[in-house]
$ cat query_26.json   # JSON, C-alpha atoms
[["chain", "number", "residue", "atom", "x", "y", "z"],
["H", 1, "MET", "CA", -19.33, -16.64, 5.10],
["H", 2, "ALA", "CA", -21.22, -16.25, 8.37],
["H", 3, "ALA", "CA", -21.16, -13.07, 10.40],
["H", 4, "VAL", "CA", -18.85, -13.10, 13.44],
["H", 5, "VAL", "CA", -21.21, -11.97, 16.20],
["H", 6, "SER", "CA", -19.04, -13.17, 19.07],
["H", 7, "THR", "CA", -15.44, -14.25, 19.58],
["H", 8, "SER", "CA", -14.01, -16.92, 21.87],
["H", 9, "CYS", "CA", -10.31, -16.67, 22.75],
["H", 10, "PRO", "CA", -9.71, -18.68, 25.95],
["H", 11, "ASP", "CA", -6.00, -17.83, 26.17],
["H", 12, "LEU", "CA", -6.80, -14.11, 26.24],
["H", 13, "LYS", "CA", -8.56, -12.47, 29.16],
["H", 14, "LEU", "CA", -11.95, -11.12, 28.09],
["H", 15, "ILE", "CA", -12.38, -7.66, 29.61],
["H", 16, "ALA", "CA", -15.71, -6.68, 28.10],
["H", 17, "ARG", "CA", -18.18, -7.20, 25.31],
["H", 18, "GLY", "CA", -19.63, -3.93, 24.05],
["H", 19, "LYS", "CA", -22.38, -3.36, 21.54],
["H", 20, "VAL", "CA", -19.94, -4.12, 18.70],
["H", 21, "ARG", "CA", -16.48, -4.78, 20.15],
["H", 22, "ASP", "CA", -15.01, -7.63, 22.16],
["H", 23, "LEU", "CA", -12.13, -6.39, 24.29],
["H", 24, "TYR", "CA", -9.31, -8.66, 25.49],
["H", 25, "GLU", "CA", -6.25, -8.08, 27.64],
["H", 26, "VAL", "CA", -3.06, -9.18, 25.87],
["H", 27, "ASP", "CA", -0.57, -8.16, 28.57],
["H", 28, "GLU", "CA", -0.15, -5.47, 31.22],
["H", 29, "HIS", "CA", 0.43, -2.78, 28.60],
["H", 30, "SER", "CA", -1.85, -3.73, 25.73],
["H", 31, "LEU", "CA", -5.39, -4.70, 24.81],
["H", 32, "LEU", "CA", -6.97, -6.25, 21.73],
["H", 33, "PHE", "CA", -9.97, -4.42, 20.28],
["H", 34, "VAL", "CA", -11.99, -6.81, 18.13],
["H", 35, "ALA", "CA", -14.73, -5.38, 15.91],
["H", 36, "THR", "CA", -17.37, -8.10, 15.57],
["H", 37, "ASP", "CA", -20.16, -8.04, 13.00],
["H", 38, "ARG", "CA", -22.76, -7.18, 15.64],
["H", 39, "ILE", "CA", -24.89, -4.15, 14.90],
["H", 40, "SER", "CA", -26.94, -2.08, 17.32],
["H", 41, "ALA", "CA", -29.55, 0.61, 16.92],
["H", 42, "PHE", "CA", -31.30, 2.62, 19.63],
["H", 43, "ASP", "CA", -28.77, 1.06, 22.07],
["H", 44, "VAL", "CA", -30.14, -2.43, 21.31],
["H", 45, "ILE", "CA", -28.04, -5.20, 19.69],
["H", 46, "MET", "CA", -29.73, -6.95, 16.77],
["H", 47, "GLN", "CA", -29.91, -10.75, 16.79],
["H", 48, "ASN", "CA", -28.01, -11.23, 13.55],
["H", 49, "GLY", "CA", -24.90, -9.45, 12.37],
["H", 50, "ILE", "CA", -23.71, -7.78, 9.17],
["H", 51, "THR", "CA", -21.08, -10.09, 7.62],
["H", 52, "ASN", "CA", -17.63, -8.41, 7.46],
["H", 53, "LYS", "CA", -18.90, -5.15, 8.98],
["H", 54, "GLY", "CA", -16.28, -5.45, 11.74],
["H", 55, "LYS", "CA", -13.47, -5.71, 9.19],
["H", 56, "LEU", "CA", -14.75, -2.65, 7.35],
["H", 57, "LEU", "CA", -15.08, -0.62, 10.58],
["H", 58, "THR", "CA", -11.51, -1.57, 11.45],
["H", 59, "GLU", "CA", -10.25, -0.41, 8.03],
["H", 60, "ILE", "CA", -12.07, 2.92, 8.40],
["H", 61, "SER", "CA", -10.73, 3.49, 11.93],
["H", 62, "ILE", "CA", -7.16, 2.74, 10.78],
["H", 63, "PHE", "CA", -7.55, 5.26, 7.96],
["H", 64, "TRP", "CA", -8.76, 8.02, 10.30],
["H", 65, "PHE", "CA", -6.24, 7.25, 13.06],
["H", 66, "SER", "CA", -3.49, 7.84, 10.51],
["H", 67, "TYR", "CA", -5.09, 10.97, 9.05],
["H", 68, "LEU", "CA", -5.72, 12.58, 12.45],
["H", 69, "LYS", "CA", -2.55, 11.60, 14.30],
["H", 70, "ASP", "CA", -1.11, 15.11, 14.05],
["H", 71, "VAL", "CA", -4.15, 16.48, 15.95],
["H", 72, "LEU", "CA", -3.92, 13.95, 18.81],
["H", 73, "PRO", "CA", -2.00, 10.70, 19.39],
["H", 74, "ASN", "CA", -4.13, 7.54, 19.35],
["H", 75, "HIS", "CA", -3.99, 4.20, 21.09],
["H", 76, "LEU", "CA", -3.18, 2.03, 18.05],
["H", 77, "ILE", "CA", -0.02, -0.09, 18.34],
["H", 78, "THR", "CA", -0.64, -2.18, 15.22],
["H", 79, "ALA", "CA", -3.45, -3.58, 13.11],
["H", 80, "ASP", "CA", -1.02, -5.81, 11.17],
["H", 81, "PHE", "CA", -2.02, -9.30, 12.26],
["H", 82, "GLU", "CA", 1.46, -10.67, 11.48],
["H", 83, "LYS", "CA", 2.96, -8.30, 14.07],
["H", 84, "MET", "CA", 0.63, -9.39, 16.88],
["H", 85, "PRO", "CA", 1.70, -11.77, 19.65],
["H", 86, "ALA", "CA", 1.49, -15.54, 19.00],
["H", 87, "LYS", "CA", -1.29, -15.92, 21.55],
["H", 88, "VAL", "CA", -3.40, -13.59, 19.40],
["H", 89, "GLN", "CA", -2.37, -15.14, 16.08],
["H", 90, "GLN", "CA", -3.62, -18.57, 17.18],
["H", 91, "TYR", "CA", -7.16, -17.19, 16.77],
["H", 92, "ARG", "CA", -6.51, -16.00, 13.20],
["H", 93, "SER", "CA", -9.78, -17.37, 11.76],
["H", 94, "GLN", "CA", -11.80, -15.27, 14.20],
["H", 95, "LEU", "CA", -9.63, -12.18, 14.58],
["H", 96, "GLU", "CA", -7.69, -11.41, 11.39],
["H", 97, "GLY", "CA", -8.72, -8.17, 9.73],
["H", 98, "ARG", "CA", -10.98, -7.07, 12.57],
["H", 99, "SER", "CA", -8.48, -6.55, 15.39],
["H", 100, "MET", "CA", -6.35, -3.69, 16.66],
["H", 101, "LEU", "CA", -3.60, -4.11, 19.24],
["H", 102, "VAL", "CA", -3.83, -0.96, 21.36],
["H", 103, "LYS", "CA", -2.25, 0.71, 24.38],
["H", 104, "LYS", "CA", -3.94, 0.03, 27.69],
["H", 105, "LEU", "CA", -5.24, 3.40, 28.92],
["H", 106, "ARG", "CA", -7.70, 4.74, 31.47],
["H", 107, "VAL", "CA", -10.91, 5.41, 29.57],
["H", 108, "LEU", "CA", -12.63, 8.72, 30.30],
["H", 109, "PRO", "CA", -16.33, 7.87, 30.85],
["H", 110, "ILE", "CA", -17.78, 10.44, 28.46],
["H", 111, "GLU", "CA", -18.94, 9.95, 24.87],
["H", 112, "SER", "CA", -17.57, 13.02, 23.12],
["H", 113, "ILE", "CA", -20.13, 13.95, 20.47],
["H", 114, "VAL", "CA", -19.58, 16.70, 17.94],
["H", 115, "ARG", "CA", -22.50, 17.90, 15.83],
["H", 116, "GLY", "CA", -21.94, 19.86, 12.65],
["H", 117, "TYR", "CA", -25.51, 19.71, 11.37],
["H", 118, "ILE", "CA", -28.88, 19.61, 13.11],
["H", 119, "THR", "CA", -30.49, 16.19, 12.80],
["H", 120, "GLY", "CA", -31.76, 13.23, 14.82],
["H", 121, "SER", "CA", -32.31, 13.79, 18.54],
["H", 122, "ALA", "CA", -30.82, 17.28, 18.24],
["H", 123, "TRP", "CA", -33.48, 18.30, 15.71],
["H", 124, "LYS", "CA", -36.24, 16.83, 17.89],
["H", 125, "GLU", "CA", -35.06, 18.81, 20.93],
["H", 126, "TYR", "CA", -34.61, 22.00, 18.92],
["H", 127, "LYS", "CA", -38.17, 21.81, 17.58],
["H", 128, "LYS", "CA", -39.47, 21.53, 21.14],
["H", 129, "LYS", "CA", -37.23, 23.95, 23.03],
["H", 130, "GLY", "CA", -34.97, 25.83, 20.61],
["H", 131, "THR", "CA", -31.95, 24.13, 22.21],
["H", 132, "VAL", "CA", -29.63, 21.18, 21.65],
["H", 133, "CYS", "CA", -28.45, 19.53, 24.87],
["H", 134, "ASP", "CA", -29.81, 22.67, 26.56],
["H", 135, "ILE", "CA", -27.49, 24.88, 24.48],
["H", 136, "ALA", "CA", -29.48, 27.83, 23.12],
["H", 137, "LEU", "CA", -29.38, 28.15, 19.33],
["H", 138, "PRO", "CA", -30.51, 30.74, 16.77],
["H", 139, "ALA", "CA", -34.22, 30.74, 15.93],
["H", 140, "GLY", "CA", -35.42, 29.53, 12.55],
["H", 141, "MET", "CA", -32.97, 26.69, 11.91],
["H", 142, "GLN", "CA", -34.13, 24.03, 9.47],
["H", 143, "GLU", "CA", -33.64, 20.28, 9.62],
["H", 144, "SER", "CA", -30.17, 19.19, 8.42],
["H", 145, "GLU", "CA", -28.85, 22.77, 8.44],
["H", 146, "ALA", "CA", -25.22, 23.33, 9.45],
["H", 147, "PHE", "CA", -24.69, 24.88, 12.86],
["H", 148, "PRO", "CA", -22.84, 28.23, 12.83],
["H", 149, "GLU", "CA", -19.97, 26.38, 14.55],
["H", 150, "PRO", "CA", -19.66, 22.66, 15.45],
["H", 151, "LEU", "CA", -21.32, 21.88, 18.80],
["H", 152, "TRP", "CA", -19.69, 19.72, 21.46],
["H", 153, "THR", "CA", -22.51, 17.79, 23.13],
["H", 154, "PRO", "CA", -21.12, 15.09, 25.44],
["H", 155, "SER", "CA", -23.12, 12.18, 26.79],
["H", 156, "THR", "CA", -22.66, 9.70, 29.59],
["H", 157, "LYS", "CA", -21.45, 6.21, 28.70],
["H", 158, "ALA", "CA", -24.24, 3.73, 29.46],
["H", 159, "GLU", "CA", -23.94, 0.06, 30.29],
["H", 160, "ILE", "CA", -25.32, -2.33, 27.66],
["H", 161, "GLY", "CA", -29.10, -2.24, 27.78],
["H", 162, "ASP", "CA", -29.18, 1.33, 29.11],
["H", 163, "HIS", "CA", -29.29, 4.48, 27.04],
["H", 164, "ASP", "CA", -26.52, 7.07, 26.83],
["H", 165, "GLU", "CA", -27.72, 10.34, 28.35],
["H", 166, "ASN", "CA", -27.01, 13.65, 26.63],
["H", 167, "ILE", "CA", -25.71, 16.23, 29.09],
["H", 168, "HIS", "CA", -24.96, 19.94, 28.95],
["H", 169, "PRO", "CA", -21.21, 20.46, 28.30],
["H", 170, "SER", "CA", -20.83, 22.15, 31.69],
["H", 171, "LYS", "CA", -21.68, 18.83, 33.41],
["H", 172, "ALA", "CA", -18.75, 16.95, 31.86],
["H", 173, "ALA", "CA", -16.26, 18.51, 34.29],
["H", 174, "GLY", "CA", -18.14, 16.96, 37.20],
["H", 175, "ILE", "CA", -17.56, 13.51, 35.67],
["H", 176, "ILE", "CA", -14.02, 13.69, 34.28],
["H", 177, "GLY", "CA", -12.61, 16.86, 35.84],
["H", 178, "GLU", "CA", -12.23, 20.36, 34.45],
["H", 179, "LYS", "CA", -8.86, 19.78, 32.76],
["H", 180, "HIS", "CA", -9.96, 16.74, 30.78],
["H", 181, "ALA", "CA", -13.36, 18.22, 29.96],
["H", 182, "ALA", "CA", -11.73, 21.35, 28.51],
["H", 183, "GLN", "CA", -9.19, 19.28, 26.56],
["H", 184, "MET", "CA", -11.87, 16.93, 25.27],
["H", 185, "ALA", "CA", -14.12, 19.77, 24.09],
["H", 186, "LYS", "CA", -11.30, 21.54, 22.22],
["H", 187, "ILE", "CA", -9.70, 18.46, 20.67],
["H", 188, "SER", "CA", -13.02, 16.89, 19.66],
["H", 189, "VAL", "CA", -13.97, 19.96, 17.61],
["H", 190, "GLU", "CA", -10.48, 20.05, 16.05],
["H", 191, "LEU", "CA", -10.70, 16.35, 15.10],
["H", 192, "TYR", "CA", -14.20, 16.77, 13.71],
["H", 193, "THR", "CA", -13.29, 19.86, 11.71],
["H", 194, "LYS", "CA", -10.26, 18.27, 10.04],
["H", 195, "ALA", "CA", -12.24, 15.11, 9.22],
["H", 196, "ARG", "CA", -15.30, 17.07, 8.06],
["H", 197, "ASP", "CA", -13.24, 19.12, 5.62],
["H", 198, "TYR", "CA", -11.50, 16.04, 4.20],
["H", 199, "ALA", "CA", -14.75, 14.09, 3.84],
["H", 200, "LEU", "CA", -16.53, 16.98, 2.14],
["H", 201, "GLU", "CA", -13.82, 17.06, -0.53],
["H", 202, "HIS", "CA", -14.57, 13.35, -1.10],
["H", 203, "GLY", "CA", -18.34, 13.60, -1.36],
["H", 204, "ILE", "CA", -19.39, 12.92, 2.24],
["H", 205, "ILE", "CA", -20.90, 15.27, 4.81],
["H", 206, "ILE", "CA", -20.09, 14.16, 8.37],
["H", 207, "ALA", "CA", -23.19, 15.46, 10.12],
["H", 208, "ASP", "CA", -22.09, 14.34, 13.57],
["H", 209, "THR", "CA", -19.77, 11.86, 15.21],
["H", 210, "LYS", "CA", -18.74, 10.38, 18.55],
["H", 211, "PHE", "CA", -15.17, 10.24, 19.84],
["H", 212, "GLU", "CA", -13.80, 8.44, 22.88],
["H", 213, "PHE", "CA", -10.66, 9.28, 24.82],
["H", 214, "GLY", "CA", -8.30, 7.72, 27.33],
["H", 215, "VAL", "CA", -5.34, 8.90, 29.37],
["H", 216, "ASP", "CA", -2.00, 7.25, 30.16],
["H", 217, "GLU", "CA", -0.14, 7.13, 33.47],
["H", 218, "ASN", "CA", 1.17, 10.66, 32.80],
["H", 219, "ASP", "CA", -2.35, 12.01, 32.19],
["H", 220, "ASN", "CA", -1.73, 12.46, 28.46],
["H", 221, "LEU", "CA", -4.86, 12.34, 26.30],
["H", 222, "TYR", "CA", -5.28, 9.76, 23.50],
["H", 223, "LEU", "CA", -7.95, 9.15, 20.89],
["H", 224, "ILE", "CA", -9.26, 5.60, 21.41],
["H", 225, "ASP", "CA", -11.89, 3.06, 20.36],
["H", 226, "GLU", "CA", -13.25, 3.42, 16.83],
["H", 227, "VAL", "CA", -13.11, 6.72, 15.02],
["H", 228, "LEU", "CA", -15.38, 8.29, 12.38],
["H", 229, "THR", "CA", -17.01, 5.05, 11.23],
["H", 230, "PRO", "CA", -20.57, 4.70, 9.95],
["H", 231, "ASP", "CA", -21.38, 3.15, 13.35],
["H", 232, "SER", "CA", -20.24, 6.21, 15.30],
["H", 233, "SER", "CA", -21.13, 8.95, 12.80],
["H", 234, "ARG", "CA", -23.78, 10.21, 10.44],
["H", 235, "PHE", "CA", -22.43, 10.24, 6.89],
["H", 236, "TRP", "CA", -24.54, 11.97, 4.22],
["H", 237, "PRO", "CA", -23.92, 12.00, 0.46],
["H", 238, "ALA", "CA", -22.91, 15.58, -0.33],
["H", 239, "ALA", "CA", -24.32, 15.36, -3.85],
["H", 240, "SER", "CA", -27.93, 15.01, -2.65],
["H", 241, "TYR", "CA", -27.71, 17.25, 0.45],
["H", 242, "LYS", "CA", -30.64, 19.62, 0.83],
["H", 243, "VAL", "CA", -31.53, 21.75, 3.86],
["H", 244, "GLY", "CA", -35.05, 21.36, 5.25],
["H", 245, "ALA", "CA", -35.45, 17.58, 5.20],
["H", 246, "GLY", "CA", -33.91, 14.33, 6.40],
["H", 247, "GLN", "CA", -30.97, 13.07, 4.34],
["H", 248, "ASP", "CA", -29.95, 9.86, 2.66],
["H", 249, "SER", "CA", -27.05, 8.31, 4.53],
["H", 250, "PHE", "CA", -24.12, 5.89, 4.42],
["H", 251, "ASP", "CA", -24.58, 4.84, 8.02],
["H", 252, "LYS", "CA", -26.86, 3.18, 10.55],
["H", 253, "GLN", "CA", -29.61, 5.71, 9.83],
["H", 254, "TYR", "CA", -30.83, 3.36, 7.09],
["H", 255, "LEU", "CA", -31.22, 0.64, 9.72],
["H", 256, "ARG", "CA", -32.85, 3.04, 12.21],
["H", 257, "ASN", "CA", -35.33, 4.14, 9.54],
["H", 258, "TYR", "CA", -36.20, 0.51, 8.75],
["H", 259, "LEU", "CA", -36.75, -0.29, 12.43],
["H", 260, "GLU", "CA", -38.96, 2.76, 12.92],
["H", 261, "SER", "CA", -40.98, 1.82, 9.81],
["H", 262, "ILE", "CA", -41.89, -1.54, 11.36],
["H", 263, "GLY", "CA", -42.72, -0.06, 14.78],
["H", 264, "PHE", "CA", -39.64, -1.50, 16.52],
["H", 265, "ASP", "CA", -40.25, -1.20, 20.28],
["H", 266, "LYS", "CA", -36.54, -0.64, 21.18],
["H", 267, "SER", "CA", -36.68, -3.21, 23.98],
["H", 268, "GLN", "CA", -34.80, -6.16, 22.45],
["H", 269, "GLY", "CA", -33.03, -6.96, 19.19],
["H", 270, "ILE", "CA", -34.72, -8.59, 16.23],
["H", 271, "THR", "CA", -33.45, -10.68, 13.32],
["H", 272, "LEU", "CA", -32.92, -8.35, 10.39],
["H", 273, "PRO", "CA", -34.15, -9.40, 6.92],
["H", 274, "GLU", "CA", -31.45, -10.30, 4.40],
["H", 275, "ASP", "CA", -32.12, -7.26, 2.21],
["H", 276, "VAL", "CA", -31.62, -4.91, 5.19],
["H", 277, "VAL", "CA", -28.34, -6.68, 6.02],
["H", 278, "THR", "CA", -27.12, -6.43, 2.41],
["H", 279, "ASN", "CA", -28.17, -2.81, 1.96],
["H", 280, "THR", "CA", -26.58, -1.73, 5.26],
["H", 281, "MET", "CA", -23.24, -3.28, 4.28],
["H", 282, "ALA", "CA", -23.41, -1.75, 0.80],
["H", 283, "LYS", "CA", -23.77, 1.72, 2.32],
["H", 284, "TYR", "CA", -20.77, 1.15, 4.59],
["H", 285, "GLN", "CA", -18.68, -0.06, 1.63],
["H", 286, "GLU", "CA", -19.66, 2.96, -0.46],
["H", 287, "ALA", "CA", -18.59, 5.31, 2.34],
["H", 288, "TYR", "CA", -15.22, 3.56, 2.61],
["H", 289, "LYS", "CA", -14.57, 3.83, -1.12],
["H", 290, "LEU", "CA", -15.49, 7.52, -1.23],
["H", 291, "LEU", "CA", -13.23, 8.32, 1.73],
["H", 292, "THR", "CA", -10.20, 6.27, 0.72],
["H", 293, "GLY", "CA", -10.53, 5.86, -3.05],
["H", 294, "LYS", "CA", -10.13, 2.08, -2.56],
["H", 295, "ASP", "CA", -12.36, -0.97, -2.28],
["H", 296, "ALA", "CA", -12.23, -2.51, 1.18],
["H", 297, "GLN", "CA", -10.10, -5.67, 1.45],
["H", 298, "LEU", "CA", -12.60, -7.98, 3.16]]
$ encode --input "query_26.json" --output "structure tokens"
Amino acid sequence: MAAVVSTSCPDLKLIARGKVRDLYEVDEHSLLFVATDRISAFDVIMQNGITNKGKLLTEISIFWFSYLKDVLPNHLITADFEKMPAKVQQYRSQLEGRSMLVKKLRVLPIESIVRGYITGSAWKEYKKKGTVCDIALPAGMQESEAFPEPLWTPSTKAEIGDHDENIHPSKAAGIIGEKHAAQMAKISVELYTKARDYALEHGIIIADTKFEFGVDENDNLYLIDEVLTPDSSRFWPAASYKVGAGQDSFDKQYLRNYLESIGFDKSQGITLPEDVVTNTMAKYQEAYKLLTGKDAQL
């Protein structure tokens, strides 16, 4: 089966194509989030996709939306394809298993990143300046060490082709207002903490993750987009975790490491070799099974 790297649904209004998702308007109150098999790294979309990755990401998001709904409501109306409108069902071959019918909300233009462990760009900055997103941290931290408390480190949402920009938390209020910035900071840490504790009991360390939020007409906050997937998070196997080095992972870090090993210039996507495609999907499937105790229905 070929990877679905793009969808075409003429009877639905295409709102946007993101790095992974195609977004359609269904009616005045609802949207269709479609997780394609596209994969990006370093904010660049690769030329080929990872077959069924979109279905797996959808399954993982549905799992977490259910688990976290008591912390914050989310935008999911249904992921049951049989309950979707007829004009969606006519595109079954493209959309089934990779689509979520969701509430139409106003998206807050901040990527809400929570870091539990020091790694990636945070580790690079800390080595240079002793800070993460200009937040001062204790001296002497080691790579992959847990922070004393989870850090909220928001970033701006970039257009495709641009790079998200990490900002100091104090700057978020200037973009989305003080009320929403304060809510987002508090709720993001609560969501991360509940998910982190669950995952750890199931053999996965969630080193960091990215949440997105929207508000309804009454200014109520909702968790939106994808949630705690290997695309939006760093998942490490707890069994092999060791402070002081980089970690194995169940996420895109494998792909990032491959691209860095070949001197990828981060300017435009490349065609990934078949073994990289297969190994990336295997890591995603392993994460799903550890988290849910089930094999993904792909």
$ atom_distance --input "query_26.json" --atom1 "atom CA of H:Lys294" --atom2 "atom CA of H:Phe65"
16.9 Å
$ atom_distance --input "query_26.json" --atom1 "atom CA of H:Lys157" --atom2 "atom CA of H:Arg98"
23.4 Å
$ residues_around --input "query_26.json" --residues "H:Glu165" --least-positions-apart "5" --cutoff "10 Å" --atoms "only C-alpha atoms" --output "MDAnalysis selection string"
chainID H and resid 110:111 133 154:158
$ closest_residue --input "query_26.json" --among "H:Ser170, H:Gln90, H:Thr58, H:Thr278" --to "H:Val34" --atoms "all atoms listed in the file"
H:Thr58
$ atom_distance --input "query_26.json" --atom1 "atom CA of H:Ala282" --atom2 "atom CA of H:Lys210"
22.0 Å
